[in-house]
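Visitor: I have a structure I would like to understand better, so I am pasting it below and will then ask my questions one at a time.
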Amino acid sequence: MFTVIKHHRKSWFILLDTFGASNFYYAVFIAQIARLFGTPYLPILRGGNLPKRFEGNPRLTRLLFKYSCKNITPSGFLKKALMDHGYAAETVPNIIDISVYDFKKRESYLPKILYVRAFHQIYNPTMAVRVLAQVKEEFPEVCLCMIGPEKDNSFRETQELAIKLGVEESITYTGVLSKKEWHKIAQDYDIFINTTTIDNTPVSVMEAMALGLPVISTNVGGIPYLLKDKIDAFLVNNNDVDAMANKIIEIISGKVDVSSTVLNALKKVEQFDWSVVRKSWIKLLNEKPKKKGFIDAFYDSSPVNIQNLLVSFYGFYWKQRRLGGNFKKYLKEFKSREHFSKQQWDEYQTQELRKLLIHAFTTVPFYKELYTRHGFTLEDFKKFELNDLHMLPYLEKEDLRKFGKTSLLSLKKEKGTFVASSGSTGTPVSIYLSKQMHQKWNAAYESRLRNWAGVNSSLARGMIGGRRILNPNRPKKPFYRFNSAENQTYFSAYYINKKNTPDYIEGLVKHKVEYLVGYAMSIYFLAENINKLELVAPKLQAVLTSSEKLTMQMRMEIEKAFKCKVFDAYSGVEACGLISENMDGELLFSPDTGILEVLDPGGKEVDYGVSGEVVATGLLNFDQPLIRYRIGDRVTKAKHQKTKSGIEMPLIESIDGRLEDVVVTNDGRKMVRFHSVFIDINGLVAGQLVQKKIDEIHLNLMVNTEFRTNDESEMEERVQNQLGKVKVYFNYVEEIPKNKNGKIMAVISELSN
């Protein structure tokens, strides 16, 4: 236990030998310690008695095997036992070093019998004495050597039985011997017996095979998975004294040719030599499982009220980060610019663009090299105009992925953190955001979305999002957690179905939610269930949607369920620009968040009323500037640019190309957001999730040389955390096909309905 605690930070995972006797309880205890510290553990099953634990201790076996990163068995016997109870398992054989065993080829077999097991009732040592007594009737000179420690009353019972049967003079008891000592003794014996009533893959039997001793064993537990009758050993039924004694007599009498049997046995145990088995262990140990942090592990094992407390601590941190500091100052500035004229916006953007380009050229190595290579100088940027923007090269997503954590960062960057994008185009990237940038961006969001919708950050809000707030191994009500620091009720997007819908309504009512924000499709699925089931949801002030295309059907369904107006928005974690809906139902681009270009395939600005590719230049993030960044999304500029309110911001007719297919689960849940499957996978260029069947998922992956197939297990676990027990297949492709709009569909469903 202390070893686990001391080394948990440095350990990839814990190898936990697990036997069927009292050691089992120790293994369960250590497993819980490992879970507490977030260290993956890997049980290695040893005891043939373990299958009985499934019946006698179902709760403890669940605690041990369900939460392990993998379960390793030395035999098909235990693997089948685990799989029969719903636990995944892999087989890695027990190990022996063939080089230390002196294989003895025997021309004939004398009545000299060897027993090497502990004196314990499960190994049935008294059967060996009964067998000896029967053989003695044919061969009075027979002798039996019994090697092993005392574990219970079996040793005394064995001695008493030997006296009763009159064979005590024919038995030698050695007690515990080292391997070297009993291997030497084995050279003087000719037949090895294994009388156990329970077994897995006994090493002593494997060693006897390596020494050239013919093995006669009971066919219990894992023995039939190790030995084949009359091929590499001789098997008898459990406690069948007559059959074992008769087989010994036949071998001694020469009625059975055992020469091929012992040679086959040698060939078999050569498969268990370290030179062979090590390859399986190397492969296994190279597949380093993802290690949970202490807080994550503690959160998963905590009751709901403690989880709410932890969520609130986390919420307090983010509230200070987003809404503290200069947030109010930035909010005031955004509000002061809302009624800028077109000329004022042009002047403002020109001034901010020059600042950004000068900063990028002088402090960001990536842009210094790129712009110098294209012939730009510092003097060029001091007099740069908006109309010159098209002369600058694009920033591709691959550039951001490759250099985003190195040369795309400013040498004068403020302290910050990386945040993963949603990967709506199938390609997640990491964005660097300082505390100041967070406050600027939230000020923009507050003034141009919340305030336009008639709400603000101080009101009780609900959020439907993709954060993992429930333990995926034990998902149960409630499907929300309460963040008291921000007066936020966070609902999981992963468990919305008809059965769970009342619980979502309960959360809205219980915490008096006044407005709802989140994924457009997830909110739509919830609203659809509410309307179909004719449930009554509380009347909200507003619903704010993002991340997916909001169709008219979705809007109507949501407004019907929550009896309020829906306000749509588009931005992305890249924070290169904000498109948000006002009270008049108009989508406006905020020019103080970025510069928006909507381009045709030739790189020219499209006409009004025409859809084009979004190329954005963010004006807020000077720590990781994104200049002419090809986001991969599309919008259509409105034909008429005059707003009903007189605000002179660019009007957007529609946000195009963000409508993804829906993945459906066996229990009726519907999901579209799977960006977390592909986040932080080294060497992954792009990923796409395809549902072929209700329980079959294919991941199409574009990778480079940095990718390691070990990460397949991590992606598989992420998929199953969202969808439950589904089969996951991996397809490596040179390119992921794009749709007619030139976008990679991150999620595709091939289900007929």
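Lettering and numbering for the structure tokens are positional, with chains as A, B, ... in the shown order, residues counted from 1 in each chain, and ligands counted from 1 in the shown order.
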Taking only range 319-472 of chain A into account, list the residues labelled strand (DSSP E) by DSSP (computed from the backbone), as a PyMOL selection string.

Guide: chain A and resi 416-420+430-434+461-465

Visitor: What does the file look like for those residues with C-alpha atoms, as a short mmCIF file (atom, residue, chain, number, x, y, z; two decimals), in the first residue's frame?

Guide:
```cif
data_model
loop_
_atom_site.label_atom_id
_atom_site.label_comp_id
_atom_site.auth_asym_id
_atom_site.auth_seq_id
_atom_site.Cartn_x
_atom_site.Cartn_y
_atom_site.Cartn_z
CA GLY A 416 -2.15 31.45 -19.93
CA THR A 417 -3.46 27.99 -20.75
CA PHE A 418 -4.20 25.90 -23.83
CA VAL A 419 -7.83 25.16 -24.63
CA ALA A 420 -8.87 22.54 -27.20
CA SER A 430 -5.27 23.91 -29.15
CA ILE A 431 -5.63 27.65 -28.56
CA TYR A 432 -3.56 29.65 -26.06
CA LEU A 433 -5.68 31.95 -23.90
CA SER A 434 -4.41 34.27 -21.18
CA ARG A 461 -28.23 29.71 -16.08
CA GLY A 462 -28.29 26.17 -17.31
CA MET A 463 -25.71 24.76 -19.68
CA ILE A 464 -25.84 21.63 -21.80
CA GLY A 465 -22.30 20.73 -22.72
#
```

Visitor: Can you pull out every residue within 9 Å of Glu528 in chain A, counting only C-alpha atoms, but drop anything in the same chain fewer than 3 positions away, and send it as a list of chain:residue names?

Guide: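 My list of contacting residues is A:Ile523, A:Tyr524, A:Phe525, A:Asn531, A:Lys532, A:Leu533, A:Met554, A:Glu557, A:Ile558, A:Ala561.
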
Visitor: Residues at most 10 Å from range 334-351 of chain A, counting only C-alpha atoms, excluding those fewer than 2 positions away in the same chain, as number ranges by chain?

Guide: A: 328-332, 353-356, 382-387, 440, 443-448, 451, 590-595, 619, 645-650

Visitor: Output C-alpha atoms for every residue in that selection, as a PDB file, in the first residue's frame.

Guide:
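So again-v8.pdb came out as:
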```
ATOM      1  CA  LYS A 328     -16.043  45.281 -16.529  1.00  0.00           C
ATOM      2  CA  LYS A 329     -13.675  47.686 -18.271  1.00  0.00           C
ATOM      3  CA  TYR A 330     -13.691  45.582 -21.441  1.00  0.00           C
ATOM      4  CA  LEU A 331     -17.487  45.219 -21.232  1.00  0.00           C
ATOM      5  CA  LYS A 332     -17.877  48.997 -21.100  1.00  0.00           C
ATOM      6  CA  LEU A 353      -4.826  45.394 -37.482  1.00  0.00           C
ATOM      7  CA  ARG A 354      -1.648  47.480 -37.664  1.00  0.00           C
ATOM      8  CA  LYS A 355      -1.030  46.908 -33.949  1.00  0.00           C
ATOM      9  CA  LEU A 356      -1.539  43.191 -34.398  1.00  0.00           C
ATOM     10  CA  LYS A 382       3.023  50.501 -40.010  1.00  0.00           C
ATOM     11  CA  LYS A 383       0.983  51.774 -42.966  1.00  0.00           C
ATOM     12  CA  PHE A 384      -1.041  48.624 -43.662  1.00  0.00           C
ATOM     13  CA  GLU A 385      -4.637  49.068 -44.867  1.00  0.00           C
ATOM     14  CA  LEU A 386      -7.649  46.739 -44.600  1.00  0.00           C
ATOM     15  CA  ASN A 387      -7.707  46.388 -48.368  1.00  0.00           C
ATOM     16  CA  LYS A 440     -11.960  40.313 -23.292  1.00  0.00           C
ATOM     17  CA  ALA A 443     -16.956  40.814 -22.308  1.00  0.00           C
ATOM     18  CA  ALA A 444     -17.715  40.472 -26.018  1.00  0.00           C
ATOM     19  CA  TYR A 445     -19.964  37.482 -25.348  1.00  0.00           C
ATOM     20  CA  GLU A 446     -21.751  39.318 -22.511  1.00  0.00           C
ATOM     21  CA  SER A 447     -22.443  42.479 -24.502  1.00  0.00           C
ATOM     22  CA  ARG A 448     -23.175  40.978 -27.936  1.00  0.00           C
ATOM     23  CA  ASN A 451     -27.281  41.330 -23.275  1.00  0.00           C
ATOM     24  CA  SER A 590     -18.802  42.039 -34.216  1.00  0.00           C
ATOM     25  CA  PRO A 591     -15.963  43.925 -36.006  1.00  0.00           C
ATOM     26  CA  ASP A 592     -14.080  44.603 -32.771  1.00  0.00           C
ATOM     27  CA  THR A 593     -13.530  40.863 -32.219  1.00  0.00           C
ATOM     28  CA  GLY A 594     -11.930  40.238 -35.601  1.00  0.00           C
ATOM     29  CA  ILE A 595     -11.856  40.830 -39.329  1.00  0.00           C
ATOM     30  CA  LEU A 619      -8.110  41.250 -33.028  1.00  0.00           C
ATOM     31  CA  SER A 645     -31.989  48.689 -35.230  1.00  0.00           C
ATOM     32  CA  GLY A 646     -29.584  50.821 -37.263  1.00  0.00           C
ATOM     33  CA  ILE A 647     -26.470  49.056 -35.908  1.00  0.00           C
ATOM     34  CA  GLU A 648     -23.812  49.165 -38.643  1.00  0.00           C
ATOM     35  CA  MET A 649     -22.226  45.760 -38.184  1.00  0.00           C
ATOM     36  CA  PRO A 650     -21.900  43.236 -41.035  1.00  0.00           C
TER      37      PRO A 650
END
```

Visitor: Work out how far apart CA of Lys151 in chain A and CA of Leu114 in chain A are and give it in Å to one decimal.

Guide: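 Separating CA of Lys151 in chain A from CA of Leu114 in chain A is a distance of 18.9 Å.
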
Visitor: May I have the residues within 10 Å of range 205-211 of chain A as a CSV table (one decimal) with N, CA and C atoms, in the first residue's frame, using only C-alpha atoms and disregarding those fewer than 4 positions away in the same chain?

Guide:
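Output below, filename result19.csv:
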```csv
chain,number,residue,atom,x,y,z
A,94,ASN,N,2.0,-17.6,-18.1
A,94,ASN,CA,3.0,-17.7,-17.1
A,94,ASN,C,4.4,-17.9,-17.7
A,95,ILE,N,5.4,-17.6,-17.0
A,95,ILE,CA,6.8,-17.6,-17.5
A,95,ILE,C,7.7,-18.6,-16.8
A,96,ILE,N,8.4,-19.4,-17.6
A,96,ILE,CA,9.5,-20.2,-17.1
A,96,ILE,C,10.8,-19.9,-18.0
A,97,ASP,N,11.9,-20.1,-17.4
A,97,ASP,CA,13.2,-19.9,-18.1
A,97,ASP,C,13.7,-21.3,-18.5
A,98,ILE,N,13.4,-21.7,-19.7
A,98,ILE,CA,13.7,-23.1,-20.2
A,98,ILE,C,15.2,-23.4,-20.0
A,99,SER,N,16.1,-22.4,-20.0
A,99,SER,CA,17.5,-22.7,-20.0
A,99,SER,C,18.0,-23.3,-18.6
A,100,VAL,N,17.2,-23.1,-17.6
A,100,VAL,CA,17.6,-23.6,-16.2
A,100,VAL,C,17.1,-25.0,-16.0
A,101,TYR,N,16.4,-25.6,-16.9
A,101,TYR,CA,15.8,-26.9,-16.7
A,101,TYR,C,16.6,-28.0,-17.5
A,102,ASP,N,17.0,-29.0,-16.8
A,102,ASP,CA,17.8,-30.1,-17.5
A,102,ASP,C,16.8,-31.2,-17.9
A,103,PHE,N,16.4,-31.2,-19.2
A,103,PHE,CA,15.5,-32.1,-19.7
A,103,PHE,C,16.1,-33.5,-19.7
A,104,LYS,N,15.5,-34.5,-19.1
A,104,LYS,CA,16.0,-35.8,-19.0
A,104,LYS,C,15.2,-36.8,-19.8
A,105,LYS,N,15.9,-37.4,-20.8
A,105,LYS,CA,15.2,-38.4,-21.6
A,105,LYS,C,15.3,-39.7,-20.9
A,114,LEU,N,6.5,-38.1,-8.1
A,114,LEU,CA,6.8,-36.8,-7.5
A,114,LEU,C,5.6,-35.9,-7.4
A,115,TYR,N,5.4,-35.3,-6.3
A,115,TYR,CA,4.3,-34.4,-6.0
A,115,TYR,C,4.9,-33.0,-5.6
A,116,VAL,N,4.6,-32.0,-6.3
A,116,VAL,CA,5.1,-30.6,-5.9
A,116,VAL,C,4.0,-29.6,-5.8
A,117,ARG,N,3.3,-29.5,-4.7
A,117,ARG,CA,2.3,-28.5,-4.4
A,117,ARG,C,2.2,-28.3,-2.9
A,179,LYS,N,13.8,-23.9,-6.0
A,179,LYS,CA,13.6,-24.5,-7.4
A,179,LYS,C,14.8,-25.3,-7.7
A,183,HIS,N,14.5,-29.3,-8.4
A,183,HIS,CA,14.8,-29.7,-9.8
A,183,HIS,C,15.8,-30.9,-9.7
A,184,LYS,N,16.8,-30.7,-8.8
A,184,LYS,CA,17.8,-31.8,-8.6
A,184,LYS,C,17.1,-33.1,-8.2
A,186,ALA,N,14.1,-34.0,-8.7
A,186,ALA,CA,13.3,-34.5,-9.8
A,186,ALA,C,14.0,-35.4,-10.8
A,187,GLN,N,15.3,-35.3,-10.9
A,187,GLN,CA,16.1,-36.2,-11.7
A,187,GLN,C,16.0,-37.6,-11.3
A,191,ILE,N,7.7,-40.0,-12.6
A,191,ILE,CA,6.3,-39.6,-13.0
A,191,ILE,C,5.9,-38.4,-12.1
A,192,PHE,N,5.2,-37.5,-12.6
A,192,PHE,CA,4.8,-36.3,-11.9
A,192,PHE,C,3.3,-36.3,-11.8
A,193,ILE,N,2.7,-36.2,-10.6
A,193,ILE,CA,1.3,-36.2,-10.5
A,193,ILE,C,0.8,-34.8,-9.9
A,194,ASN,N,-0.4,-34.4,-10.4
A,194,ASN,CA,-1.0,-33.1,-9.9
A,194,ASN,C,-2.5,-33.5,-9.6
A,201,THR,N,-3.0,-22.2,-14.1
A,201,THR,CA,-1.9,-22.6,-15.0
A,201,THR,C,-0.7,-22.9,-14.0
A,215,VAL,N,3.4,-36.1,-17.1
A,215,VAL,CA,2.5,-35.5,-16.1
A,215,VAL,C,1.2,-36.2,-16.2
A,216,ILE,N,0.7,-36.5,-15.0
A,216,ILE,CA,-0.7,-37.1,-14.9
A,216,ILE,C,-1.4,-36.1,-13.9
A,217,SER,N,-2.5,-35.5,-14.4
A,217,SER,CA,-3.2,-34.5,-13.6
A,217,SER,C,-4.7,-34.6,-13.7
A,223,ILE,N,-6.6,-26.5,-16.1
A,223,ILE,CA,-5.7,-27.6,-16.6
A,223,ILE,C,-6.0,-28.0,-18.1
A,226,LEU,N,-4.3,-25.9,-20.5
A,226,LEU,CA,-2.8,-26.0,-20.5
A,226,LEU,C,-2.4,-27.3,-21.1
A,227,LEU,N,-3.1,-28.4,-20.7
A,227,LEU,CA,-2.7,-29.8,-21.1
A,227,LEU,C,-3.7,-30.4,-22.0
A,232,ASP,N,0.2,-34.2,-24.6
A,232,ASP,CA,1.3,-33.7,-23.9
A,232,ASP,C,1.2,-34.0,-22.4
A,233,ALA,N,0.2,-34.8,-22.0
A,233,ALA,CA,0.0,-35.2,-20.6
A,233,ALA,C,-1.1,-36.2,-20.6
A,261,THR,N,4.8,-38.1,-25.8
A,261,THR,CA,4.1,-37.2,-24.9
A,261,THR,C,5.0,-36.2,-24.2
A,262,VAL,N,6.1,-36.7,-23.7
A,262,VAL,CA,7.1,-35.8,-23.0
A,262,VAL,C,7.7,-34.8,-24.0
A,263,LEU,N,7.9,-35.2,-25.3
A,263,LEU,CA,8.5,-34.3,-26.3
A,263,LEU,C,7.5,-33.2,-26.6
A,264,ASN,N,6.3,-33.6,-26.8
A,264,ASN,CA,5.2,-32.6,-27.0
A,264,ASN,C,5.1,-31.6,-25.9
A,265,ALA,N,5.2,-32.2,-24.7
A,265,ALA,CA,5.2,-31.3,-23.5
A,265,ALA,C,6.3,-30.3,-23.5
A,266,LEU,N,7.5,-30.7,-23.9
A,266,LEU,CA,8.6,-29.8,-24.0
A,266,LEU,C,8.4,-28.7,-25.0
A,267,LYS,N,7.9,-29.1,-26.1
A,267,LYS,CA,7.6,-28.1,-27.2
A,267,LYS,C,6.6,-27.0,-26.6
A,268,LYS,N,5.6,-27.5,-25.9
A,268,LYS,CA,4.6,-26.6,-25.4
A,268,LYS,C,5.2,-25.6,-24.4
A,269,VAL,N,6.0,-26.1,-23.4
A,269,VAL,CA,6.5,-25.2,-22.4
A,269,VAL,C,7.5,-24.2,-23.0
A,270,GLU,N,8.1,-24.6,-24.1
A,270,GLU,CA,9.0,-23.6,-24.8
A,270,GLU,C,8.3,-22.3,-25.2
A,272,PHE,N,6.4,-20.9,-23.3
A,272,PHE,CA,6.3,-20.1,-22.0
A,272,PHE,C,7.6,-19.5,-21.6
```

Visitor: Skip Leu516 in chain A itself and residues of its chain fewer than 5 positions away, then list as a ChimeraX atom specification all residues within 10 Å of it, counting only C-alpha atoms.

Guide: /A:460-464,488-490,508,523,540-545,562,566

Visitor: Convert the current residue selection to file output with N, CA and C atoms, as an mmCIF file, in the first residue's frame.

Guide:
```
data_model
loop_
_atom_site.group_PDB
_atom_site.id
_atom_site.type_symbol
_atom_site.label_atom_id
_atom_site.label_comp_id
_atom_site.auth_asym_id
_atom_site.auth_seq_id
_atom_site.Cartn_x
_atom_site.Cartn_y
_atom_site.Cartn_z
ATOM 1 N N ALA A 460 -29.309 33.015 -12.994
ATOM 2 C CA ALA A 460 -29.172 31.556 -12.925
ATOM 3 C C ALA A 460 -29.260 30.975 -14.329
ATOM 4 N N ARG A 461 -28.233 30.252 -14.720
ATOM 5 C CA ARG A 461 -28.228 29.712 -16.078
ATOM 6 C C ARG A 461 -28.018 28.202 -16.064
ATOM 7 N N GLY A 462 -28.551 27.577 -17.085
ATOM 8 C CA GLY A 462 -28.293 26.167 -17.307
ATOM 9 C C GLY A 462 -27.393 26.034 -18.513
ATOM 10 N N MET A 463 -26.587 24.999 -18.527
ATOM 11 C CA MET A 463 -25.715 24.765 -19.679
ATOM 12 C C MET A 463 -25.734 23.293 -20.035
ATOM 13 N N ILE A 464 -25.929 23.009 -21.310
ATOM 14 C CA ILE A 464 -25.835 21.633 -21.805
ATOM 15 C C ILE A 464 -24.554 21.536 -22.607
ATOM 16 N N GLN A 488 -24.761 28.183 -11.840
ATOM 17 C CA GLN A 488 -24.880 27.453 -13.100
ATOM 18 C C GLN A 488 -25.249 25.991 -12.841
ATOM 19 N N THR A 489 -26.244 25.501 -13.552
ATOM 20 C CA THR A 489 -26.580 24.076 -13.524
ATOM 21 C C THR A 489 -26.055 23.470 -14.815
ATOM 22 N N TYR A 490 -25.097 22.564 -14.690
ATOM 23 C CA TYR A 490 -24.444 21.986 -15.870
ATOM 24 C C TYR A 490 -25.062 20.627 -16.164
ATOM 25 N N LEU A 508 -33.722 21.942 -14.082
ATOM 26 C CA LEU A 508 -34.096 23.312 -14.445
ATOM 27 C C LEU A 508 -34.973 23.940 -13.364
ATOM 28 N N ILE A 523 -29.672 20.754 -27.142
ATOM 29 C CA ILE A 523 -30.855 21.454 -26.639
ATOM 30 C C ILE A 523 -32.080 21.078 -27.467
ATOM 31 N N LEU A 540 -38.443 29.903 -19.772
ATOM 32 C CA LEU A 540 -37.146 30.563 -19.646
ATOM 33 C C LEU A 540 -37.173 31.950 -20.281
ATOM 34 N N GLN A 541 -36.182 32.763 -19.957
ATOM 35 C CA GLN A 541 -36.087 34.088 -20.566
ATOM 36 C C GLN A 541 -35.474 34.008 -21.961
ATOM 37 N N ALA A 542 -34.559 33.054 -22.149
ATOM 38 C CA ALA A 542 -33.894 32.914 -23.448
ATOM 39 C C ALA A 542 -33.165 31.588 -23.504
ATOM 40 N N VAL A 543 -32.931 31.128 -24.744
ATOM 41 C CA VAL A 543 -32.055 29.976 -24.988
ATOM 42 C C VAL A 543 -30.975 30.432 -25.956
ATOM 43 N N LEU A 544 -29.720 30.232 -25.589
ATOM 44 C CA LEU A 544 -28.587 30.654 -26.403
ATOM 45 C C LEU A 544 -27.898 29.411 -26.954
ATOM 46 N N THR A 545 -27.884 29.279 -28.275
ATOM 47 C CA THR A 545 -27.324 28.080 -28.900
ATOM 48 C C THR A 545 -26.014 28.401 -29.619
ATOM 49 N N PHE A 562 -39.559 25.647 -24.347
ATOM 50 C CA PHE A 562 -39.139 26.538 -23.261
ATOM 51 C C PHE A 562 -39.835 27.895 -23.276
ATOM 52 N N VAL A 566 -35.077 31.933 -29.096
ATOM 53 C CA VAL A 566 -33.762 31.322 -29.227
ATOM 54 C C VAL A 566 -32.813 32.309 -29.895
#
```

Visitor: Would you mind writing down, as a VMD selection string, each residue of range 348-534 of chain A that DSSP on the backbone assigns to alpha helix (DSSP H)?

Guide: chain A and resid 348 to 363 365 to 373 378 to 382 397 to 403 435 to 445 501 to 510 520 to 532

Visitor: Skip Gly585 in chain A itself and residues of its chain fewer than 2 positions away, then list as a PyMOL selection string all residues within 10 Å of it, counting only C-alpha atoms.

Guide: chain A and resi 565-568+580-583+587-588+644

Visitor: Nearest to Ile44 in chain A among A:Ala27, A:Ile248, A:Leu389, A:Leu15, with distances taken over only C-alpha atoms: which residue is it?

Guide: A:Leu15
